[in-house]
$ cat upload_12.txt   # compact mmCIF, C-alpha atoms
# COMPACT_ATOMS: atom_id res chain seq x y z
CA MET M 26 -28.98 7.99 40.77
CA ILE M 27 -29.48 4.60 42.47
CA LYS M 28 -33.18 5.28 43.09
CA LYS M 29 -33.73 6.15 39.43
CA LEU M 30 -31.91 2.98 38.44
CA HIS M 31 -34.11 0.90 40.76
CA VAL M 32 -37.27 2.49 39.32
CA TYR M 33 -36.01 1.83 35.79
CA ILE M 34 -35.34 -1.86 36.54
CA ILE M 35 -38.73 -2.29 38.26
CA LYS M 36 -40.53 -0.75 35.26
CA GLU M 37 -38.65 -3.06 32.92
CA PHE M 38 -39.55 -6.07 35.06
CA CYS M 39 -43.22 -5.09 35.45
CA ALA M 40 -43.72 -4.75 31.70
CA SER M 41 -42.41 -8.28 31.11
CA PHE M 42 -44.16 -9.65 34.22
CA PHE M 43 -47.64 -8.46 33.25
CA PHE M 44 -47.14 -9.63 29.67
CA GLY M 45 -46.13 -13.07 30.95
CA LEU M 46 -49.06 -13.06 33.40
CA ALA M 47 -51.51 -12.39 30.56
CA VAL M 48 -49.99 -15.11 28.35
CA PHE M 49 -49.82 -17.83 31.02
CA SER M 50 -53.29 -16.97 32.36
CA MET M 51 -54.81 -17.26 28.88
CA LEU M 52 -53.05 -20.59 28.28
CA LEU M 53 -54.34 -21.98 31.58
CA LEU M 54 -57.81 -20.54 30.96
CA LEU M 55 -58.10 -21.68 27.35
CA ASP M 56 -60.17 -24.79 28.07
CA GLN M 57 -62.42 -22.97 30.54
CA VAL M 58 -62.93 -20.06 28.12
CA PHE M 59 -64.26 -22.43 25.44
CA GLN M 60 -66.63 -24.01 27.95
CA LEU M 61 -67.87 -20.64 29.21
CA VAL M 62 -68.41 -19.33 25.67
CA ASP M 63 -70.34 -22.53 24.90
CA LEU M 64 -72.58 -21.89 27.93
CA PHE M 65 -73.55 -18.52 26.45
CA LEU M 66 -73.79 -19.40 22.76
CA SER M 67 -75.15 -22.95 22.86
CA LYS M 68 -76.64 -23.48 26.32
CA GLY M 69 -78.58 -20.23 26.67
CA VAL M 70 -76.93 -19.13 29.94
CA ALA M 71 -77.17 -15.37 30.53
CA PHE M 72 -74.09 -13.37 29.52
CA PHE M 73 -73.89 -11.79 32.98
CA LEU M 74 -73.69 -15.23 34.63
CA VAL M 75 -70.97 -16.34 32.21
CA ILE M 76 -68.94 -13.21 33.01
CA LYS M 77 -69.44 -13.87 36.72
CA LEU M 78 -68.21 -17.46 36.32
CA PHE M 79 -65.16 -16.18 34.46
CA ALA M 80 -64.45 -13.62 37.21
CA LEU M 81 -64.69 -16.34 39.87
CA ILE M 82 -62.37 -18.78 38.10
CA LEU M 83 -59.73 -16.21 37.07
CA PRO M 84 -58.24 -15.61 40.57
CA ASN M 85 -57.69 -19.36 41.01
CA ILE M 86 -55.68 -19.46 37.78
CA LEU M 87 -53.41 -16.73 39.17
CA THR M 88 -52.10 -19.17 41.78
CA LEU M 89 -50.28 -21.00 38.98
CA ALA M 90 -49.76 -18.11 36.57
CA ILE M 91 -48.07 -15.59 38.93
CA PRO M 92 -44.97 -17.71 39.77
CA MET M 93 -44.46 -18.51 36.08
CA ALA M 94 -44.93 -14.85 35.15
CA VAL M 95 -42.29 -13.82 37.72
CA LEU M 96 -39.76 -16.19 36.18
CA PHE M 97 -40.64 -15.03 32.66
CA GLY M 98 -40.56 -11.34 33.66
CA VAL M 99 -37.13 -11.48 35.31
CA LEU M 100 -35.53 -13.49 32.48
CA ILE M 101 -36.95 -11.27 29.73
CA ALA M 102 -36.26 -7.98 31.53
CA TYR M 103 -32.65 -8.71 32.49
CA GLY M 104 -32.09 -10.55 29.21
CA ARG M 105 -33.08 -7.38 27.35
CA LEU M 106 -30.80 -5.24 29.55
CA SER M 107 -27.93 -7.67 28.93
CA GLU M 108 -28.62 -7.91 25.20
CA ASP M 109 -28.53 -4.09 24.81
CA ASN M 110 -25.31 -3.85 26.87
CA GLU M 111 -27.08 -1.78 29.53
CA ILE M 112 -25.82 -4.08 32.28
CA THR M 113 -22.27 -3.63 30.95
CA ALA M 114 -22.75 0.14 31.07
CA MET M 115 -24.08 -0.06 34.64
CA LYS M 116 -21.10 -2.14 35.75
CA ALA M 117 -18.76 0.37 34.10
CA ASN M 118 -20.33 3.01 36.36
CA CYS M 119 -19.56 0.93 39.48
CA VAL M 120 -23.05 -0.53 39.84
CA ASP M 121 -22.63 -3.91 41.53
CA TYR M 122 -24.79 -7.01 41.24
CA LYS M 123 -26.49 -6.27 44.56
CA THR M 124 -27.79 -2.95 43.27
CA LEU M 125 -28.99 -4.66 40.10
CA SER M 126 -30.79 -7.43 41.97
CA VAL M 127 -32.21 -5.95 45.19
CA PRO M 128 -35.17 -3.99 43.69
CA VAL M 129 -36.61 -6.99 41.84
CA ILE M 130 -36.00 -9.37 44.78
CA ALA M 131 -37.84 -6.96 47.11
CA PHE M 132 -40.68 -6.58 44.62
CA VAL M 133 -41.03 -10.35 44.20
CA CYS M 134 -41.01 -10.86 47.98
CA GLY M 135 -44.02 -8.54 48.09
CA ILE M 136 -45.73 -10.72 45.48
CA SER M 137 -45.04 -13.81 47.60
CA PHE M 138 -46.54 -12.20 50.71
CA PHE M 139 -49.66 -11.39 48.67
CA LEU M 140 -49.84 -15.00 47.42
CA ILE M 141 -49.65 -16.34 50.99
CA PHE M 142 -52.92 -14.59 51.87
CA PHE M 143 -54.39 -15.23 48.42
CA ASN M 144 -53.72 -18.99 48.31
CA HIS M 145 -54.67 -19.69 51.92
CA PHE M 146 -57.88 -17.66 52.21
CA TRP M 147 -59.14 -15.92 49.07
CA SER M 148 -58.67 -18.71 46.53
CA PRO M 149 -60.73 -21.32 48.52
CA VAL M 150 -63.62 -18.84 48.79
CA MET M 151 -63.52 -18.23 45.03
CA HIS M 152 -63.52 -21.98 44.36
CA LYS M 153 -66.61 -22.40 46.54
CA ASP M 154 -68.44 -19.43 44.98
CA PHE M 155 -67.71 -20.77 41.49
CA ARG M 156 -69.06 -24.22 42.36
CA ASN M 157 -72.19 -22.80 44.01
CA LEU M 158 -72.95 -20.57 41.02
CA PHE M 159 -72.40 -23.41 38.56
CA GLU M 160 -74.69 -25.68 40.61
CA GLU M 161 -77.34 -22.96 40.57
CA ILE M 162 -77.07 -22.70 36.78
CA VAL M 163 -77.30 -26.50 36.40
CA THR M 164 -80.35 -26.60 38.66
CA LYS M 165 -82.16 -23.96 36.60
CA ARG M 166 -80.92 -25.25 33.25
CA PRO M 167 -80.28 -28.99 33.66
CA LEU M 168 -79.45 -29.43 29.96
CA VAL M 169 -76.31 -27.35 30.47
CA LYS M 170 -74.67 -30.66 31.42
CA PHE M 171 -75.78 -32.29 28.16
CA ASP M 172 -74.06 -32.29 24.79
CA GLU M 173 -75.56 -33.52 21.56
CA LYS M 174 -74.73 -37.10 20.54
CA THR M 175 -72.88 -37.67 23.82
CA ILE M 176 -73.68 -40.05 26.68
CA THR M 177 -74.24 -38.17 29.95
CA ASN M 178 -74.14 -39.98 33.30
CA LEU M 179 -76.76 -38.91 35.86
CA GLY M 180 -76.62 -41.12 38.92
CA ASP M 181 -77.60 -44.66 37.87
CA TYR M 182 -78.74 -43.53 34.44
CA GLN M 183 -77.03 -42.84 31.13
CA ILE M 184 -78.78 -40.41 28.78
CA TYR M 185 -78.10 -39.88 25.09
CA ALA M 186 -79.79 -37.30 22.83
CA ASN M 187 -79.34 -36.54 19.13
CA LYS M 188 -80.29 -32.88 19.62
CA VAL M 189 -80.30 -30.68 22.73
CA ASP M 190 -82.06 -27.31 23.00
CA SER M 191 -80.83 -25.85 26.28
CA LYS M 192 -82.79 -22.61 25.82
CA ASN M 193 -86.14 -24.41 25.68
CA ASN M 194 -85.07 -27.38 27.83
CA THR M 195 -86.01 -29.93 25.19
CA MET M 196 -84.25 -32.90 23.59
CA ALA M 197 -84.83 -34.99 20.48
CA GLY M 198 -83.89 -38.60 19.79
CA VAL M 199 -83.63 -39.49 23.48
CA ASN M 200 -82.32 -42.76 24.91
CA ILE M 201 -82.17 -43.51 28.64
CA TYR M 202 -80.22 -46.54 29.87
CA LYS M 203 -80.38 -48.16 33.30
CA PHE M 204 -77.92 -50.96 33.98
CA GLU M 205 -78.35 -53.72 36.51
CA SER M 206 -77.10 -52.90 39.98
CA LYS M 207 -74.07 -54.85 41.22
CA LYS M 208 -75.98 -55.65 44.40
CA LYS M 209 -78.22 -58.57 43.57
CA LYS M 210 -81.78 -58.46 44.83
CA PRO M 211 -84.46 -61.14 44.80
CA ASP M 212 -85.94 -61.70 41.35
CA VAL M 213 -89.32 -60.16 40.59
CA GLN M 214 -91.78 -62.75 39.38
CA GLU M 215 -93.36 -62.22 36.01
CA ASN M 216 -96.89 -62.12 37.46
CA SER M 217 -95.92 -59.42 39.96
CA SER M 218 -98.04 -56.28 39.91
CA ALA M 219 -94.97 -54.08 40.53
CA SER M 220 -94.05 -51.60 37.83
CA PRO M 221 -91.22 -52.80 35.54
CA LEU M 222 -89.45 -49.47 36.06
CA ASN M 223 -89.04 -50.34 39.73
CA ASP M 224 -87.02 -53.42 38.78
CA ASP M 225 -83.26 -53.29 39.36
CA GLY M 226 -82.46 -55.03 36.09
CA SER M 227 -81.10 -53.36 32.98
CA TRP M 228 -83.56 -51.54 30.72
CA ARG M 229 -83.78 -48.85 28.07
CA ILE M 230 -86.19 -46.06 27.21
CA ALA M 231 -86.24 -44.56 23.71
CA ALA M 232 -88.34 -41.52 22.80
CA SER M 233 -88.60 -39.21 19.83
CA SER M 234 -88.47 -36.11 22.05
CA ALA M 235 -88.51 -34.98 25.67
CA SER M 236 -89.13 -31.82 27.66
CA VAL M 237 -87.40 -31.14 30.96
CA LYS M 238 -88.68 -29.40 34.09
CA VAL M 239 -86.74 -28.74 37.29
CA TYR M 240 -88.09 -29.18 40.81
CA LEU M 241 -86.48 -28.82 44.24
CA THR M 242 -85.94 -32.55 44.55
CA GLY M 243 -85.00 -33.44 40.98
CA VAL M 244 -85.65 -33.24 37.24
CA LYS M 245 -88.72 -34.53 35.42
CA LEU M 246 -88.40 -35.66 31.82
CA THR M 247 -91.65 -35.84 29.90
CA LEU M 248 -90.97 -38.33 27.12
CA TYR M 249 -93.04 -38.47 23.93
CA ASN M 250 -93.68 -41.25 21.38
CA GLY M 251 -91.35 -43.95 22.61
CA TYR M 252 -91.00 -47.35 24.20
CA TRP M 253 -89.61 -49.01 27.33
CA GLN M 254 -87.67 -52.21 26.79
CA ARG M 255 -86.08 -54.80 29.07
CA ALA M 256 -84.32 -58.00 27.97
CA ASN M 257 -83.21 -60.97 30.06
CA PRO M 258 -79.84 -62.16 28.65
CA SER M 259 -80.42 -65.67 30.04
CA ASN M 260 -83.82 -65.93 28.34
CA ILE M 261 -84.22 -63.78 25.24
CA ASN M 262 -87.87 -64.81 24.89
CA SER M 263 -88.74 -63.02 28.14
CA MET M 264 -88.15 -59.53 26.67
CA ILE M 265 -90.59 -56.87 27.87
CA HIS M 266 -91.52 -54.15 25.36
CA MET M 267 -94.02 -51.36 26.10
CA THR M 268 -94.89 -48.33 23.94
CA PHE M 269 -96.18 -44.97 25.11
CA LYS M 270 -97.28 -41.64 23.69
CA SER M 271 -96.29 -39.70 26.79
CA TYR M 272 -94.41 -40.77 29.90
CA ASP M 273 -93.06 -38.82 32.89
CA PHE M 274 -89.66 -39.98 34.17
CA PHE M 275 -88.17 -38.45 37.33
CA ILE M 276 -84.42 -38.25 38.18
CA PRO M 277 -83.40 -37.13 41.72
CA LEU M 278 -80.90 -34.26 41.68
CA GLY M 279 -79.51 -34.43 45.20
CA ASP M 280 -76.50 -36.67 44.60
CA VAL M 281 -76.14 -35.76 40.92
CA VAL M 282 -75.64 -32.01 41.20
CA LYS M 283 -74.27 -31.32 44.64
CA GLY M 284 -71.81 -34.14 45.04
CA GLN M 285 -69.50 -33.57 47.96
CA SER M 286 -70.38 -30.61 50.16
CA SER M 287 -66.86 -29.30 50.13
CA SER M 288 -63.76 -30.19 48.17
CA LEU M 289 -60.19 -29.82 49.37
CA ARG M 290 -59.66 -26.65 47.37
CA GLU M 291 -62.69 -25.04 48.99
CA MET M 292 -61.34 -25.49 52.50
CA SER M 293 -59.38 -22.63 54.05
CA SER M 294 -55.91 -23.45 55.32
CA PRO M 295 -56.95 -23.31 59.02
CA GLU M 296 -59.70 -25.84 58.20
CA LEU M 297 -57.17 -28.05 56.42
CA ALA M 298 -54.80 -27.84 59.38
CA LYS M 299 -57.58 -28.87 61.81
CA THR M 300 -58.58 -31.77 59.55
CA ILE M 301 -54.97 -32.95 59.27
CA LYS M 302 -54.56 -32.84 63.05
CA LYS M 303 -57.85 -34.71 63.54
CA TYR M 304 -56.81 -37.46 61.12
CA LYS M 305 -53.39 -37.83 62.68
CA ASP M 306 -54.83 -37.98 66.21
CA GLN M 307 -57.00 -40.89 65.06
CA LYS M 308 -54.04 -42.53 63.24
CA PHE M 309 -55.68 -42.08 59.83
CA PRO M 310 -53.66 -41.11 56.72
CA ALA M 311 -54.12 -37.48 55.70
CA HIS M 312 -51.80 -37.32 52.68
CA ALA M 313 -54.33 -35.62 50.37
CA TYR M 314 -55.09 -32.89 52.93
CA GLU M 315 -51.39 -32.35 53.66
CA SER M 316 -50.60 -32.16 49.94
CA GLU M 317 -53.23 -29.46 49.39
CA TYR M 318 -52.09 -27.52 52.48
CA TRP M 319 -48.40 -27.49 51.59
CA MET M 320 -49.14 -26.84 47.91
CA ARG M 321 -50.50 -23.44 48.88
CA TRP M 322 -47.27 -22.60 50.70
CA ILE M 323 -45.13 -23.89 47.84
CA PHE M 324 -46.86 -21.79 45.18
CA SER M 325 -46.67 -18.77 47.50
CA ILE M 326 -42.89 -19.04 47.92
CA ALA M 327 -42.19 -20.22 44.35
CA PRO M 328 -41.71 -16.63 43.01
CA ILE M 329 -38.75 -16.15 45.37
CA ALA M 330 -37.15 -19.41 44.18
CA PHE M 331 -37.74 -18.40 40.56
CA VAL M 332 -36.27 -14.93 40.96
CA LEU M 333 -33.09 -16.39 42.50
CA ILE M 334 -32.45 -18.59 39.47
CA ALA M 335 -33.68 -16.09 36.88
CA LEU M 336 -31.44 -13.18 37.97
CA PRO M 337 -28.01 -14.72 37.20
CA ILE M 338 -29.28 -16.31 33.97
CA GLY M 339 -30.72 -13.02 32.76
CA ILE M 340 -27.73 -10.90 33.76
CA MET M 341 -25.21 -13.24 32.12
CA ALA M 342 -27.30 -13.82 28.98
CA GLY M 343 -25.41 -11.37 26.74
CA LYS M 344 -26.38 -11.27 23.06
CA GLY M 345 -29.73 -12.91 22.32
CA GLY M 346 -30.74 -12.29 25.92
CA LYS M 347 -34.49 -12.15 25.30
CA ALA M 348 -34.50 -15.35 23.26
CA ILE M 349 -32.36 -17.08 25.89
CA GLY M 350 -34.68 -15.77 28.60
CA PHE M 351 -37.78 -17.13 26.86
CA GLY M 352 -36.21 -20.55 26.31
CA MET M 353 -34.82 -20.78 29.83
CA SER M 354 -38.17 -19.80 31.35
CA LEU M 355 -39.83 -22.76 29.63
CA GLY M 356 -36.98 -25.06 30.68
CA VAL M 357 -37.10 -24.02 34.34
CA ILE M 358 -40.90 -24.32 34.45
CA LEU M 359 -40.73 -27.83 32.97
CA PHE M 360 -38.01 -28.86 35.44
CA TYR M 361 -39.91 -27.37 38.39
CA TYR M 362 -43.25 -29.01 37.63
CA MET M 363 -41.67 -32.39 36.90
CA LEU M 364 -40.10 -32.30 40.36
CA LEU M 365 -43.40 -31.16 41.85
CA ILE M 366 -45.37 -34.01 40.28
CA VAL M 367 -42.83 -36.56 41.50
CA ALA M 368 -42.89 -35.05 45.01
CA MET M 369 -46.71 -35.07 45.10
CA ASN M 370 -46.90 -38.72 44.07
CA LEU M 371 -44.29 -39.80 46.60
CA GLY M 372 -45.96 -37.79 49.36
CA GLU M 373 -49.53 -38.94 48.64
CA ARG M 374 -48.41 -42.57 48.54
CA GLY M 375 -46.74 -42.23 51.91
CA TYR M 376 -43.18 -42.85 50.73
CA ALA M 377 -41.94 -39.62 52.34
CA PRO M 378 -43.30 -36.96 54.72
CA VAL M 379 -45.48 -34.60 52.67
CA GLY M 380 -44.34 -31.53 54.60
CA PHE M 381 -40.75 -32.23 53.58
CA ILE M 382 -40.80 -33.68 50.09
CA MET M 383 -43.20 -31.07 48.70
CA TRP M 384 -40.54 -28.40 49.27
CA ILE M 385 -37.94 -30.16 47.10
CA PRO M 386 -38.85 -28.25 43.86
CA ASN M 387 -38.50 -24.85 45.56
CA ILE M 388 -35.32 -25.84 47.36
CA SER M 389 -33.77 -27.29 44.19
CA VAL M 390 -34.54 -24.24 42.05
CA ALA M 391 -33.37 -21.81 44.77
CA ALA M 392 -30.17 -23.80 45.32
CA CYS M 393 -29.37 -23.73 41.58
CA GLY M 394 -30.01 -20.00 41.58
CA LEU M 395 -27.72 -19.32 44.54
CA TYR M 396 -25.00 -21.42 42.92
CA LEU M 397 -25.28 -19.46 39.64
CA PHE M 398 -25.39 -16.17 41.53
CA THR M 399 -22.18 -17.06 43.41
CA ARG M 400 -20.43 -17.94 40.18
CA MET M 401 -21.63 -14.70 38.59
CA VAL M 402 -20.28 -12.58 41.45
CA LYS M 403 -16.89 -14.30 41.27
CA ARG M 404 -16.48 -13.57 37.54
$ encode --input "upload_12.txt" --output "structure tokens"
Amino acid sequence: MIKKLHVYIIKEFCASFFFGLAVFSMLLLLDQVFQLVDLFLSKGVAFFLVIKLFALILPNILTLAIPMAVLFGVLIAYGRLSEDNEITAMKANCVDYKTLSVPVIAFVCGISFFLIFFNHFWSPVMHKDFRNLFEEIVTKRPLVKFDEKTITNLGDYQIYANKVDSKNNTMAGVNIYKFESKKKKPDVQENSSASPLNDDGSWRIAASSASVKVYLTGVKLTLYNGYWQRANPSNINSMIHMTFKSYDFFIPLGDVVKGQSSSLREMSSPELAKTIKKYKDQKFPAHAYESEYWMRWIFSIAPIAFVLIALPIGIMAGKGGKAIGFGMSLGVILFYYMLLIVAMNLGERGYAPVGFIMWIPNISVAACGLYLFTRMVKR
């Protein structure tokens, strides 16, 4: 009898949990989905590569979506049981609150143990694989980073194009801007034989069209039917203006595409722990590394905190239990993430130990849940 009841409750929870997981995952993925679809439809990236990018980014979304889905699943499942008077019927047959709660608590603990491994080891690998694949796509199709009628920053240059054809790697209505470096260098005399493009001053290139080719060291833009122009604000009469039918302009890719070799999210937790220890041994602040490290633990344990507060709310919901469950899930999520943002800011600014203050959201939600559970049992 009890085993059948446990199986029934778990099935009810799983149905709501997976529905919530799908909804929250899609909401978190919405922006990325539009970008990935644009890669396929507008940028000419192969459909297989787009699917692979989606598969690599999806597991990282689960870090945020699973705790929220647990809260949603428990509130909706028990809210439905309460709304249909099934909990009342169970209590009439001497089923206590422990019997009602234990199966879901045990199931959620299993989810938390999975998230511990997932957040600390698997998720960083997926982040790194996603970045490497995206860099490979950008290297082969540099115009993936470009949008029509939008200024794109590439190193020291700003590039604007009226039209972008990513499939053929061509652009139309191209403007390239180079602004004067903040570091002042000796002025180049007007009678110098050096090329004007080697000057550190501000200049502009305008061309009717351009084709793009990728090399190991950078990207070459072959510009057609345009002009190179440089003006001296202190002496407008010293403007330099040169026209060309064809001109090759080279942009190094090293710093533009690769950026940092490894971000915080791509480091495994043992690597983060070693880095934190190294920084502390040298008396350097390591708040950002500590925040990322403890964040993985917090999101791993969050399902347990959520189930503790969701159980008493769902069981006591009564009529309108599903509607109450949906509304309360949004309220708890908002409360939780507000606390988390405040804790992160205080920790990263050094106002409180990161390893302590980052746990406040979980502790607060779990404490509220235990208080509600105690009141429910006493009724």
$ atom_distance --input "upload_12.txt" --atom1 "CA of Val70 in chain M" --atom2 "CA of Thr177 in chain M"
19.2 Å
$ residues_around --input "upload_12.txt" --residues "range 377-390 of chain M" --least-positions-apart "4" --cutoff "7 Å" --atoms "only C-alpha atoms" --output "short mmCIF file (atom, residue, chain, number, x, y, z; two decimals) with C-alpha atoms, in the frame of the given file"
data_model
loop_
_atom_site.label_atom_id
_atom_site.label_comp_id
_atom_site.auth_asym_id
_atom_site.auth_seq_id
_atom_site.Cartn_x
_atom_site.Cartn_y
_atom_site.Cartn_z
CA HIS M 312 -51.80 -37.32 52.68
CA GLU M 315 -51.39 -32.35 53.66
CA SER M 316 -50.60 -32.16 49.94
CA TRP M 319 -48.40 -27.49 51.59
CA ILE M 323 -45.13 -23.89 47.84
CA ALA M 327 -42.19 -20.22 44.35
CA ALA M 330 -37.15 -19.41 44.18
CA PHE M 331 -37.74 -18.40 40.56
CA ILE M 334 -32.45 -18.59 39.47
CA TYR M 361 -39.91 -27.37 38.39
CA LEU M 364 -40.10 -32.30 40.36
CA LEU M 365 -43.40 -31.16 41.85
CA ALA M 368 -42.89 -35.05 45.01
CA MET M 369 -46.71 -35.07 45.10
CA LEU M 371 -44.29 -39.80 46.60
CA GLY M 372 -45.96 -37.79 49.36
CA GLY M 394 -30.01 -20.00 41.58
#
$ residues_around --input "upload_12.txt" --residues "Ala186 in chain M" --least-positions-apart "5" --cutoff "9 Å" --atoms "only C-alpha atoms" --output "PyMOL selection string"
chain M and resi 171-176+196-201+234
$ residues_around --input "upload_12.txt" --residues "Gly356 in chain M" --least-positions-apart "3" --cutoff "12 Å" --atoms "only C-alpha atoms" --output "PyMOL selection string"
chain M and resi 93+96-97+100+331+334-335+349-353+359-363+390
$ atom_distance --input "upload_12.txt" --atom1 "CA of Pro92 in chain M" --atom2 "CA of Ser50 in chain M"
11.2 Å
$ axis_aligned_box --input "upload_12.txt" --around "range 196-206 of chain M" --padding-each-side "4 Å" --output "AutoDock Vina command-line options"
--center_x -81.0 --center_y -43.3 --center_z 29.9 --size_x 15.7 --size_y 28.8 --size_z 28.2
$ residues_near_point --input "upload_12.txt" --point "(-51.0, -19.7, 56.6)" --cutoff "10 Å" --atoms "only C-alpha atoms" --output "MDAnalysis selection string"
chainID M and resid 141:146 293:295 298 318:319 321:322
$ write_last_selection --input "upload_12.txt" --atoms "C-alpha atoms" --output "PDB file, in the frame of the given file"
ATOM      1  CA  ILE M 141     -49.650 -16.340  50.990  1.00  0.00           C
ATOM      2  CA  PHE M 142     -52.920 -14.590  51.870  1.00  0.00           C
ATOM      3  CA  PHE M 143     -54.390 -15.230  48.420  1.00  0.00           C
ATOM      4  CA  ASN M 144     -53.720 -18.990  48.310  1.00  0.00           C
ATOM      5  CA  HIS M 145     -54.670 -19.690  51.920  1.00  0.00           C
ATOM      6  CA  PHE M 146     -57.880 -17.660  52.210  1.00  0.00           C
ATOM      7  CA  SER M 293     -59.380 -22.630  54.050  1.00  0.00           C
ATOM      8  CA  SER M 294     -55.910 -23.450  55.320  1.00  0.00           C
ATOM      9  CA  PRO M 295     -56.950 -23.310  59.020  1.00  0.00           C
ATOM     10  CA  ALA M 298     -54.800 -27.840  59.380  1.00  0.00           C
ATOM     11  CA  TYR M 318     -52.090 -27.520  52.480  1.00  0.00           C
ATOM     12  CA  TRP M 319     -48.400 -27.490  51.590  1.00  0.00           C
ATOM     13  CA  ARG M 321     -50.500 -23.440  48.880  1.00  0.00           C
ATOM     14  CA  TRP M 322     -47.270 -22.600  50.700  1.00  0.00           C
TER      15      TRP M 322
END
$ closest_residue --input "upload_12.txt" --among "M:Gly375, M:Gly45, M:Gly104, M:Gly135" --to "Ala313 in chain M" --atoms "only C-alpha atoms"
M:Gly375
